[in-house]
>>> print(open('protein-v9.txt').read())   # compact mmCIF, C-alpha atoms
# COMPACT_ATOMS: atom_id res chain seq x y z
CA MET A 1 56.94 -53.93 -123.66
CA ARG A 2 59.52 -55.43 -121.31
CA GLU A 3 61.84 -52.45 -121.72
CA LYS A 4 59.01 -49.97 -121.09
CA VAL A 5 57.83 -51.74 -117.98
CA SER A 6 61.36 -52.12 -116.61
CA ALA A 7 62.14 -48.44 -117.21
CA ILE A 8 59.03 -47.25 -115.39
CA ALA A 9 59.68 -49.65 -112.50
CA THR A 10 63.12 -48.12 -112.11
CA GLN A 11 61.67 -44.60 -112.21
CA ILE A 12 59.14 -45.30 -109.46
CA TYR A 13 61.45 -47.36 -107.24
CA GLU A 14 62.05 -44.61 -104.67
CA LYS A 15 58.31 -43.89 -104.47
CA THR A 16 57.64 -47.58 -103.87
CA VAL A 17 60.18 -47.63 -101.04
CA VAL A 18 58.61 -44.52 -99.49
CA ASN A 19 55.18 -46.16 -99.62
CA ARG A 20 56.50 -49.38 -98.14
CA ARG A 21 58.11 -47.54 -95.23
CA HIS A 22 54.96 -45.52 -94.58
CA LEU A 23 52.93 -48.72 -94.40
CA HIS A 24 55.56 -50.42 -92.26
CA GLN A 25 55.47 -47.57 -89.75
CA ASN A 26 51.68 -47.63 -89.57
CA PRO A 27 50.63 -51.29 -89.39
CA GLU A 28 47.06 -52.36 -88.65
CA LEU A 29 45.73 -55.72 -87.54
CA SER A 30 43.43 -57.95 -89.58
CA PHE A 31 40.07 -56.36 -90.46
CA GLU A 32 41.20 -53.09 -88.85
CA GLU A 33 43.04 -51.72 -91.91
CA TYR A 34 41.12 -48.42 -92.04
CA GLU A 35 44.11 -46.10 -92.39
CA THR A 36 45.82 -48.51 -94.78
CA ALA A 37 42.74 -48.63 -96.99
CA ALA A 38 42.50 -44.82 -96.89
CA PHE A 39 46.14 -44.58 -97.95
CA VAL A 40 45.57 -46.99 -100.84
CA LYS A 41 42.51 -45.02 -101.96
CA SER A 42 44.48 -41.77 -101.83
CA GLU A 43 47.24 -43.22 -103.98
CA LEU A 44 44.70 -44.57 -106.47
CA ASP A 45 42.96 -41.16 -106.56
CA ASN A 46 46.29 -39.54 -107.40
CA LEU A 47 46.71 -41.99 -110.27
CA GLY A 48 43.16 -41.51 -111.55
CA ILE A 49 42.31 -45.19 -111.06
CA PRO A 50 38.67 -45.97 -110.13
CA TYR A 51 37.97 -48.28 -107.20
CA ILE A 52 35.23 -49.56 -104.92
CA PRO A 53 35.36 -50.59 -101.24
CA MET A 54 34.77 -54.23 -100.40
CA ALA A 55 34.73 -56.38 -97.25
CA ASN A 56 34.72 -53.22 -95.11
CA THR A 57 38.45 -52.45 -95.29
CA GLY A 58 39.22 -53.92 -98.70
CA VAL A 59 39.68 -51.99 -101.94
CA VAL A 60 39.22 -53.22 -105.52
CA ALA A 61 40.52 -51.04 -108.35
CA GLN A 62 40.32 -51.52 -112.08
CA ILE A 63 42.48 -50.47 -115.01
CA THR A 64 41.20 -51.01 -118.55
CA GLY A 65 43.52 -50.77 -121.51
CA GLU A 66 42.57 -48.65 -124.51
CA LYS A 67 43.03 -51.43 -127.06
CA PRO A 68 40.13 -53.84 -127.69
CA SER A 69 40.14 -57.01 -125.57
CA ASP A 70 37.74 -58.77 -123.22
CA ARG A 71 40.44 -60.58 -121.22
CA VAL A 72 40.67 -59.95 -117.48
CA VAL A 73 43.41 -60.67 -114.97
CA ALA A 74 43.34 -59.99 -111.21
CA LEU A 75 46.36 -59.04 -109.09
CA ARG A 76 46.16 -59.41 -105.31
CA ALA A 77 47.97 -57.85 -102.34
CA ASP A 78 47.11 -58.31 -98.66
CA MET A 79 47.29 -55.38 -96.24
CA ASP A 80 47.09 -56.58 -92.61
CA ALA A 81 49.85 -56.77 -90.01
CA LEU A 82 50.50 -59.07 -87.04
CA PRO A 83 50.31 -58.70 -83.22
CA ILE A 84 54.11 -58.73 -82.87
CA THR A 85 56.40 -56.15 -81.22
CA GLU A 86 59.15 -55.14 -83.65
CA VAL A 87 62.76 -54.89 -82.49
CA SER A 88 63.69 -51.33 -81.62
CA GLY A 89 66.13 -49.04 -83.40
CA ARG A 90 64.87 -49.15 -86.97
CA GLU A 91 64.49 -45.86 -88.79
CA TYR A 92 61.22 -47.01 -90.34
CA GLY A 93 60.09 -49.28 -87.51
CA SER A 94 56.50 -49.67 -86.41
CA LYS A 95 55.00 -46.71 -84.54
CA ARG A 96 52.34 -48.93 -83.01
CA GLU A 97 53.32 -50.92 -79.95
CA GLY A 98 52.63 -54.61 -80.38
CA VAL A 99 51.73 -54.40 -84.08
CA MET A 100 54.17 -55.09 -86.91
CA HIS A 101 54.31 -55.88 -90.60
CA ALA A 102 56.18 -59.11 -89.93
CA CYS A 103 54.93 -60.97 -93.01
CA GLY A 104 55.71 -58.48 -95.77
CA HIS A 105 52.19 -57.27 -96.46
CA ASP A 106 53.58 -53.73 -96.54
CA VAL A 107 55.76 -54.90 -99.44
CA HIS A 108 52.80 -56.53 -101.18
CA THR A 109 50.61 -53.41 -100.92
CA SER A 110 53.30 -50.91 -101.91
CA SER A 111 54.33 -53.18 -104.79
CA LEU A 112 50.78 -53.45 -106.13
CA LEU A 113 50.45 -49.67 -105.92
CA GLY A 114 53.65 -49.44 -107.95
CA THR A 115 52.30 -51.99 -110.43
CA ALA A 116 49.15 -49.88 -110.72
CA ARG A 117 51.28 -46.83 -111.50
CA ILE A 118 53.06 -48.71 -114.29
CA LEU A 119 49.90 -50.12 -115.82
CA GLN A 120 48.03 -46.83 -115.67
CA SER A 121 50.84 -45.12 -117.57
CA LEU A 122 50.69 -47.84 -120.26
CA LYS A 123 46.91 -47.90 -120.81
CA ALA A 124 47.31 -46.82 -124.44
CA ASP A 125 49.63 -49.76 -125.11
CA PHE A 126 47.48 -52.72 -124.02
CA GLY A 127 44.04 -54.25 -124.23
CA GLY A 128 42.09 -55.95 -121.48
CA THR A 129 41.16 -55.27 -117.87
CA ILE A 130 43.27 -55.58 -114.75
CA LYS A 131 41.66 -55.87 -111.33
CA LEU A 132 43.76 -54.73 -108.39
CA ILE A 133 42.69 -56.49 -105.18
CA PHE A 134 43.87 -54.84 -101.95
CA GLN A 135 42.68 -57.41 -99.44
CA PRO A 136 42.21 -57.23 -95.67
CA GLY A 137 42.52 -59.95 -93.08
CA GLU A 138 44.82 -62.58 -94.55
CA GLU A 139 46.23 -63.46 -91.12
CA ARG A 140 42.92 -64.21 -89.40
CA LEU A 141 40.00 -66.56 -89.97
CA PRO A 142 37.78 -66.57 -91.94
CA GLY A 143 40.30 -64.82 -94.21
CA GLY A 144 39.65 -61.63 -96.13
CA ALA A 145 39.82 -63.49 -99.43
CA SER A 146 36.74 -65.54 -98.56
CA LEU A 147 34.79 -62.39 -97.70
CA MET A 148 35.81 -60.59 -100.88
CA ILE A 149 34.85 -63.59 -102.99
CA LYS A 150 31.42 -63.65 -101.32
CA GLU A 151 31.02 -59.95 -102.15
CA GLY A 152 31.85 -60.57 -105.81
CA VAL A 153 35.51 -59.71 -106.28
CA LEU A 154 35.80 -62.43 -108.93
CA GLN A 155 32.75 -61.23 -110.84
CA ASN A 156 31.77 -58.32 -113.10
CA PRO A 157 34.12 -58.90 -114.82
CA ALA A 158 35.37 -62.38 -113.99
CA PRO A 159 39.17 -62.75 -114.31
CA GLN A 160 40.68 -65.57 -116.34
CA ALA A 161 43.59 -65.60 -113.87
CA VAL A 162 44.37 -64.42 -110.34
CA ILE A 163 48.03 -63.65 -109.57
CA GLY A 164 49.62 -63.06 -106.18
CA GLN A 165 53.16 -62.57 -104.91
CA HIS A 166 54.52 -63.01 -101.38
CA VAL A 167 57.87 -62.18 -99.83
CA MET A 168 60.25 -65.00 -98.95
CA PRO A 169 63.39 -64.18 -96.93
CA ALA A 170 64.90 -67.60 -97.73
CA ILE A 171 65.24 -66.49 -101.37
CA PRO A 172 67.82 -63.78 -102.15
CA ALA A 173 66.49 -60.43 -103.34
CA GLY A 174 66.52 -60.34 -107.13
CA LYS A 175 65.09 -63.85 -107.51
CA VAL A 176 61.57 -65.28 -107.53
CA GLY A 177 60.25 -68.80 -106.98
CA PHE A 178 57.47 -70.88 -108.53
CA ARG A 179 55.75 -74.21 -107.95
CA ALA A 180 52.99 -75.60 -110.16
CA GLY A 181 50.23 -77.71 -108.62
CA LYS A 182 49.63 -78.08 -104.90
CA TYR A 183 51.80 -75.62 -103.01
CA MET A 184 50.49 -74.59 -99.56
CA ALA A 185 48.45 -76.58 -97.05
CA SER A 186 44.94 -76.29 -95.69
CA THR A 187 44.95 -74.92 -92.15
CA ASP A 188 42.58 -75.87 -89.34
CA GLU A 189 42.67 -74.61 -85.76
CA LEU A 190 42.15 -77.07 -82.89
CA TYR A 191 40.77 -76.01 -79.49
CA VAL A 192 40.60 -78.85 -76.96
CA THR A 193 39.56 -78.97 -73.30
CA VAL A 194 40.11 -82.11 -71.22
CA THR A 195 38.08 -82.06 -68.01
CA GLY A 196 38.76 -84.35 -65.06
CA LYS A 197 38.65 -83.88 -61.30
CA GLY A 198 41.34 -81.81 -59.64
CA GLY A 199 42.76 -82.09 -56.16
CA HIS A 200 45.91 -82.50 -54.10
CA GLY A 201 48.90 -83.83 -55.99
CA ALA A 202 49.74 -86.12 -53.09
CA GLN A 203 46.37 -87.88 -53.36
CA PRO A 204 46.05 -88.84 -57.04
CA GLN A 205 43.72 -91.73 -56.18
CA GLN A 206 41.05 -89.20 -55.28
CA ASN A 207 41.37 -87.31 -58.58
CA ILE A 208 40.90 -87.80 -62.31
CA ASP A 209 44.13 -86.26 -63.56
CA PRO A 210 43.51 -84.31 -66.81
CA VAL A 211 47.23 -83.63 -67.19
CA VAL A 212 48.14 -87.31 -67.54
CA ILE A 213 45.08 -87.92 -69.74
CA THR A 214 46.04 -84.98 -71.97
CA ALA A 215 49.55 -86.39 -72.32
CA HIS A 216 48.05 -89.66 -73.57
CA ILE A 217 45.81 -87.78 -76.01
CA ILE A 218 48.63 -85.67 -77.46
CA THR A 219 50.82 -88.73 -77.97
CA ALA A 220 48.04 -90.88 -79.40
CA LEU A 221 46.87 -88.21 -81.85
CA GLN A 222 50.23 -88.33 -83.60
CA GLN A 223 49.16 -91.76 -84.87
CA VAL A 224 46.66 -89.94 -87.06
CA ILE A 225 49.70 -88.71 -88.98
CA SER A 226 52.10 -91.66 -88.61
CA ARG A 227 49.71 -94.62 -88.91
CA ILE A 228 46.41 -93.49 -90.44
CA ALA A 229 47.41 -90.90 -93.03
CA ASP A 230 48.71 -92.07 -96.39
CA PRO A 231 52.48 -91.44 -96.11
CA ARG A 232 52.38 -89.99 -99.62
CA MET A 233 50.07 -87.21 -98.41
CA PRO A 234 51.91 -84.54 -96.38
CA SER A 235 50.12 -83.81 -93.11
CA VAL A 236 51.05 -82.00 -89.92
CA LEU A 237 49.46 -82.04 -86.46
CA SER A 238 51.02 -79.73 -83.87
CA PHE A 239 49.94 -78.42 -80.48
CA GLY A 240 51.51 -75.07 -79.58
CA LYS A 241 49.62 -74.21 -76.42
CA VAL A 242 49.02 -76.44 -73.36
CA ILE A 243 47.59 -74.84 -70.21
CA ALA A 244 47.22 -76.89 -67.03
CA ASN A 245 46.69 -74.20 -64.44
CA GLY A 246 47.62 -76.21 -61.37
CA ALA A 247 50.72 -76.06 -59.18
CA THR A 248 53.50 -78.32 -57.92
CA ASN A 249 51.03 -80.00 -55.58
CA VAL A 250 47.73 -79.14 -57.27
CA ILE A 251 46.13 -81.23 -60.01
CA PRO A 252 43.83 -78.92 -62.02
CA ASN A 253 40.27 -79.71 -63.04
CA GLU A 254 41.00 -79.23 -66.73
CA VAL A 255 43.71 -78.82 -69.34
CA TYR A 256 43.34 -76.57 -72.37
CA LEU A 257 45.08 -77.15 -75.72
CA GLU A 258 45.43 -75.24 -78.97
CA GLY A 259 46.91 -76.70 -82.12
CA THR A 260 46.83 -76.89 -85.89
CA PHE A 261 46.17 -79.57 -88.49
CA ARG A 262 47.36 -79.14 -92.09
CA THR A 263 47.23 -81.22 -95.25
CA PHE A 264 46.68 -81.19 -99.03
CA ASP A 265 43.56 -83.30 -99.60
CA GLU A 266 39.99 -82.33 -98.71
CA LYS A 267 38.68 -85.91 -98.33
CA TRP A 268 41.52 -86.85 -95.97
CA ARG A 269 41.14 -83.53 -94.15
CA LYS A 270 37.52 -84.34 -93.23
CA GLU A 271 38.39 -87.92 -92.28
CA ALA A 272 41.22 -86.72 -90.06
CA HIS A 273 38.86 -84.36 -88.24
CA THR A 274 36.57 -87.28 -87.41
CA ARG A 275 39.47 -89.53 -86.39
CA MET A 276 41.03 -86.91 -84.09
CA LYS A 277 37.77 -86.16 -82.30
CA LYS A 278 36.86 -89.82 -81.85
CA MET A 279 40.31 -90.75 -80.56
CA ALA A 280 40.63 -87.87 -78.10
CA MET A 281 37.14 -88.24 -76.70
CA GLY A 282 37.51 -92.02 -76.44
CA ILE A 283 40.79 -91.79 -74.52
CA ALA A 284 39.37 -89.21 -72.14
CA GLU A 285 36.21 -91.26 -71.51
CA SER A 286 38.16 -94.47 -70.97
CA MET A 287 40.15 -92.73 -68.23
CA GLY A 288 37.14 -91.18 -66.51
CA ALA A 289 37.37 -87.69 -68.02
CA SER A 290 35.60 -85.79 -70.78
CA CYS A 291 36.99 -84.01 -73.82
CA ASP A 292 35.59 -81.10 -75.82
CA PHE A 293 37.30 -81.08 -79.24
CA ASP A 294 36.49 -78.01 -81.35
CA ILE A 295 37.87 -77.77 -84.91
CA ARG A 296 37.65 -74.40 -86.62
CA VAL A 297 37.97 -75.16 -90.30
CA GLY A 298 40.38 -72.71 -91.89
CA TYR A 299 41.78 -72.02 -95.34
CA PRO A 300 41.75 -74.68 -98.05
CA PHE A 301 44.99 -75.86 -99.63
CA LEU A 302 46.49 -73.61 -102.29
CA VAL A 303 46.92 -74.99 -105.79
CA ASN A 304 48.77 -73.19 -108.58
CA GLU A 305 47.05 -74.10 -111.85
CA GLU A 306 49.61 -75.98 -113.94
CA LYS A 307 49.21 -74.27 -117.30
CA LEU A 308 48.88 -70.75 -115.89
CA THR A 309 51.86 -71.20 -113.56
CA GLY A 310 53.99 -72.47 -116.42
CA GLU A 311 53.07 -69.39 -118.44
CA VAL A 312 53.70 -66.98 -115.57
CA ARG A 313 57.03 -68.60 -114.81
CA GLY A 314 57.95 -68.11 -118.47
CA TYR A 315 57.04 -64.42 -118.25
CA ALA A 316 59.24 -64.08 -115.15
CA GLU A 317 62.13 -65.68 -117.03
CA GLU A 318 61.61 -63.23 -119.90
CA PHE A 319 61.60 -60.29 -117.51
CA LEU A 320 64.36 -61.32 -115.10
CA GLY A 321 66.39 -63.99 -116.90
CA ASN A 322 66.28 -67.74 -116.28
CA GLU A 323 68.98 -67.60 -113.61
CA HIS A 324 66.74 -65.47 -111.39
CA VAL A 325 63.78 -67.88 -111.37
CA ILE A 326 63.92 -70.91 -109.05
CA ASP A 327 61.78 -73.92 -108.08
CA LEU A 328 59.83 -74.06 -104.82
CA ASP A 329 59.01 -77.09 -102.68
CA LEU A 330 55.74 -77.89 -100.91
CA TRP A 331 55.18 -75.65 -97.91
CA LEU A 332 52.78 -76.51 -95.08
CA ALA A 333 52.15 -72.90 -94.13
CA GLY A 334 48.69 -71.57 -94.89
CA GLU A 335 47.56 -68.64 -97.03
CA ASP A 336 44.05 -67.41 -97.75
CA PHE A 337 44.99 -66.79 -101.39
CA ALA A 338 43.99 -70.47 -101.52
CA TYR A 339 40.35 -69.34 -101.71
CA TYR A 340 41.06 -67.64 -105.05
CA SER A 341 42.83 -70.77 -106.28
CA GLN A 342 39.73 -72.84 -105.49
CA GLU A 343 37.52 -70.48 -107.53
CA ALA A 344 39.67 -69.56 -110.54
CA ASP A 345 42.95 -70.35 -112.27
CA ALA A 346 45.57 -68.90 -109.93
CA CYS A 347 49.31 -68.50 -109.51
CA PHE A 348 50.95 -67.57 -106.22
CA TYR A 349 54.70 -67.01 -106.47
CA ARG A 350 57.47 -65.97 -104.09
CA LEU A 351 59.43 -62.72 -104.17
CA GLY A 352 62.95 -63.07 -102.81
CA THR A 353 63.69 -60.49 -100.09
CA GLY A 354 66.67 -61.97 -98.22
CA ASN A 355 70.26 -60.73 -98.11
CA GLU A 356 72.78 -62.60 -95.96
CA ALA A 357 75.46 -59.95 -96.44
CA LYS A 358 73.15 -57.34 -94.93
CA GLY A 359 71.97 -59.68 -92.18
CA ILE A 360 68.43 -59.80 -93.58
CA THR A 361 67.66 -63.45 -92.93
CA SER A 362 64.91 -63.54 -90.28
CA ALA A 363 61.83 -65.58 -91.06
CA VAL A 364 58.37 -64.09 -91.40
CA HIS A 365 56.29 -63.74 -88.21
CA THR A 366 59.33 -62.79 -86.12
CA PRO A 367 60.17 -59.45 -84.39
CA THR A 368 63.40 -59.16 -86.42
CA PHE A 369 61.82 -59.74 -89.84
CA ASP A 370 62.86 -57.25 -92.52
CA VAL A 371 63.33 -57.17 -96.28
CA ASP A 372 66.08 -56.11 -98.65
CA GLU A 373 64.26 -53.22 -100.29
CA SER A 374 66.15 -53.75 -103.52
CA ALA A 375 63.46 -56.39 -104.15
CA LEU A 376 61.05 -53.50 -104.71
CA ALA A 377 62.95 -52.66 -107.87
CA LEU A 378 61.53 -55.75 -109.53
CA SER A 379 58.34 -56.55 -107.59
CA THR A 380 56.35 -53.79 -109.31
CA GLY A 381 57.64 -54.32 -112.83
CA LEU A 382 57.47 -58.10 -112.73
CA MET A 383 53.82 -58.16 -111.70
CA ALA A 384 52.95 -55.53 -114.31
CA TYR A 385 54.75 -57.52 -117.01
CA ILE A 386 53.05 -60.76 -115.95
CA ALA A 387 49.64 -59.07 -116.14
CA LEU A 388 50.31 -57.58 -119.58
CA ARG A 389 51.62 -60.85 -120.99
CA GLN A 390 48.69 -62.77 -119.49
CA LEU A 391 46.32 -60.37 -121.25
CA GLY A 392 48.06 -61.24 -124.50
CA ASN A 393 50.03 -58.03 -124.87
>>> encode(input="protein-v9.txt", output="structure tokens")
Amino acid sequence: MREKVSAIATQIYEKTVVNRRHLHQNPELSFEEYETAAFVKSELDNLGIPYIPMANTGVVAQITGEKPSDRVVALRADMDALPITEVSGREYGSKREGVMHACGHDVHTSSLLGTARILQSLKADFGGTIKLIFQPGEERLPGGASLMIKEGVLQNPAPQAVIGQHVMPAIPAGKVGFRAGKYMASTDELYVTVTGKGGHGAQPQQNIDPVVITAHIITALQQVISRIADPRMPSVLSFGKVIANGATNVIPNEVYLEGTFRTFDEKWRKEAHTRMKKMAMGIAESMGASCDFDIRVGYPFLVNEEKLTGEVRGYAEEFLGNEHVIDLDLWLAGEDFAYYSQEADACFYRLGTGNEAKGITSAVHTPTFDVDESALALSTGLMAYIALRQLGN
């Protein structure tokens, strides 16, 4: 089976690259993936693979092998792009100003279409059912995965495993990475407004300075991480936006903050929310101001089921060779694939797409992000092989 899968992956490589470039040139933001979904449907129609729409711009397809088996595995790709302006001069650069596939979702979608092509051509050789999940809105709360789960993507039939792959420029093209157990963090968004009393900067005694109070709050909140959190539990609290719309001699009435809190434990996550609110509001009140502290609860932490991940890693070693499979460390980025991992046995692995010699080293979510497209030679075949082996073929 390995040789068959590998041969077909090689045959369809150029088609996969063409699809990836088409998607890269025509990116769409989260929950606006109408043209992307239409493209996916068209490709599935050409392959004779049935599908249904889900979560407005999502697509769920299904391939059933001709041999008897009731096993089911789901494969997931996300489709949305980011509000980033791509660097100019690329032959296949984004045609939409201010929108870019800067996180590799074009690779994920084109790869899953390639995987579908492989599996459809091998229907006579395997038993079981493979669900193909083309998911919208990974980059934006509440996350397309949560919506698709609510609409039944993990039902009728229910998969025994959900598999996802994601590009990683820090790993050279030709390699993949795995981590069993907890892998990616929960992600919460913080929106804070500190309100005081503005006035002339030369008369601070007449004002309640929200800028100084906010500085105290930001500094004090770091104690939630350094002195309250168990040091064995990775946690991050960061504020990336601070707006105090005053002037050199004007103290504003309020200061606005946006930040993120991330961790790997649901009990501690809830406790930290309470601690942060209480601390910030207490500091503001003690200094004569008020504080509105809004926490928008985001994605849960992502856990790769130990047994499944060990099996999938083994399949990757069979397909690629041990030297092309590496270990991953904890990563405090967030990913809505975590919703699948909370509902079913799941494995989320990394596809290497970097190439220092070619200058392809930029991180995701940057205007210069790109991938070494040679990775598309294995992304389709590897996922197809993992699915077939997981089905017991």
>>> closest_residue(input="protein-v9.txt", among="A:Ile12, A:Ala344, A:Val242, A:Leu221", to="A:Ala116", atoms="only C-alpha atoms")
A:Ile12
>>> residues_around(input="protein-v9.txt", residues="stretch 289-305 of chain A", least_positions_apart="4", cutoff="7 Å", atoms="only C-alpha atoms", output="tab-separated table (two decimals) with C-alpha atoms, in the coordinates of the input")
chain	number	residue	atom	x	y	z
A	141	LEU	CA	40.00	-66.56	-89.97
A	142	PRO	CA	37.78	-66.57	-91.94
A	180	ALA	CA	52.99	-75.60	-110.16
A	181	GLY	CA	50.23	-77.71	-108.62
A	182	LYS	CA	49.63	-78.08	-104.90
A	183	TYR	CA	51.80	-75.62	-103.01
A	184	MET	CA	50.49	-74.59	-99.56
A	185	ALA	CA	48.45	-76.58	-97.05
A	186	SER	CA	44.94	-76.29	-95.69
A	187	THR	CA	44.95	-74.92	-92.15
A	188	ASP	CA	42.58	-75.87	-89.34
A	189	GLU	CA	42.67	-74.61	-85.76
A	190	LEU	CA	42.15	-77.07	-82.89
A	191	TYR	CA	40.77	-76.01	-79.49
A	192	VAL	CA	40.60	-78.85	-76.96
A	193	THR	CA	39.56	-78.97	-73.30
A	194	VAL	CA	40.11	-82.11	-71.22
A	195	THR	CA	38.08	-82.06	-68.01
A	196	GLY	CA	38.76	-84.35	-65.06
A	208	ILE	CA	40.90	-87.80	-62.31
A	264	PHE	CA	46.68	-81.19	-99.03
A	277	LYS	CA	37.77	-86.16	-82.30
A	280	ALA	CA	40.63	-87.87	-78.10
A	281	MET	CA	37.14	-88.24	-76.70
A	284	ALA	CA	39.37	-89.21	-72.14
A	285	GLU	CA	36.21	-91.26	-71.51
A	309	THR	CA	51.86	-71.20	-113.56
A	334	GLY	CA	48.69	-71.57	-94.89
A	335	GLU	CA	47.56	-68.64	-97.03
A	336	ASP	CA	44.05	-67.41	-97.75
A	338	ALA	CA	43.99	-70.47	-101.52
A	339	TYR	CA	40.35	-69.34	-101.71
A	341	SER	CA	42.83	-70.77	-106.28
A	345	ASP	CA	42.95	-70.35	-112.27
A	346	ALA	CA	45.57	-68.90	-109.93
A	347	CYS	CA	49.31	-68.50	-109.51
A	348	PHE	CA	50.95	-67.57	-106.22
>>> residues_around(input="protein-v9.txt", residues="A:Ile171", least_positions_apart="6", cutoff="9 Å", atoms="only C-alpha atoms", output="PyMOL selection string")
chain A and resi 177+326+350-355
>>> write_last_selection(input="protein-v9.txt", atoms="C-alpha atoms", output="short mmCIF file (atom, residue, chain, number, x, y, z; two decimals), in the coordinates of the input")
data_model
loop_
_atom_site.label_atom_id
_atom_site.label_comp_id
_atom_site.auth_asym_id
_atom_site.auth_seq_id
_atom_site.Cartn_x
_atom_site.Cartn_y
_atom_site.Cartn_z
CA GLY A 177 60.25 -68.80 -106.98
CA ILE A 326 63.92 -70.91 -109.05
CA ARG A 350 57.47 -65.97 -104.09
CA LEU A 351 59.43 -62.72 -104.17
CA GLY A 352 62.95 -63.07 -102.81
CA THR A 353 63.69 -60.49 -100.09
CA GLY A 354 66.67 -61.97 -98.22
CA ASN A 355 70.26 -60.73 -98.11
#
>>> closest_residue(input="protein-v9.txt", among="A:Ile217, A:Val364, A:Ala316, A:Ala384", to="A:Met276", atoms="all atoms listed in the file")
A:Ile217
>>> residues_near_point(input="protein-v9.txt", point="(67.2, -52.2, -103.1)", cutoff="9 Å", atoms="only C-alpha atoms", output="PyMOL selection string")
chain A and resi 13+17+173+372-377
>>> write_last_selection(input="protein-v9.txt", atoms="C-alpha atoms", output="tab-separated table (two decimals), in the coordinates of the input")
chain	number	residue	atom	x	y	z
A	13	TYR	CA	61.45	-47.36	-107.24
A	17	VAL	CA	60.18	-47.63	-101.04
A	173	ALA	CA	66.49	-60.43	-103.34
A	372	ASP	CA	66.08	-56.11	-98.65
A	373	GLU	CA	64.26	-53.22	-100.29
A	374	SER	CA	66.15	-53.75	-103.52
A	375	ALA	CA	63.46	-56.39	-104.15
A	376	LEU	CA	61.05	-53.50	-104.71
A	377	ALA	CA	62.95	-52.66	-107.87
>>> residues_around(input="protein-v9.txt", residues="A:Val371", least_positions_apart="5", cutoff="12 Å", atoms="all atoms listed in the file", output="ChimeraX atom specification")
/A:17,20-21,24,92,101-108,166-174,351-356,358-364,376
>>> closest_residue(input="protein-v9.txt", among="A:Ile225, A:Ala161, A:Val5, A:Ala357", to="A:Arg71", atoms="all atoms listed in the file")
A:Ala161
>>> closest_residue(input="protein-v9.txt", among="A:Pro83, A:Pro159, A:Gly58, A:Pro68", to="A:Gly137", atoms="all atoms listed in the file")
A:Gly58
>>> residues_around(input="protein-v9.txt", residues="A:Val211", least_positions_apart="4", cutoff="10 Å", atoms="all atoms listed in the file", output="PyMOL selection string")
chain A and resi 194-196+198+215-217+242-246+251-256
>>> atom_distance(input="protein-v9.txt", atom1="atom CA of A:Phe126", atom2="atom CA of A:Leu113")
18.6 Å
>>> closest_residue(input="protein-v9.txt", among="A:Asp70, A:Ser121, A:Gln62, A:Gln165", to="A:Ile133", atoms="all atoms listed in the file")
A:Gln62
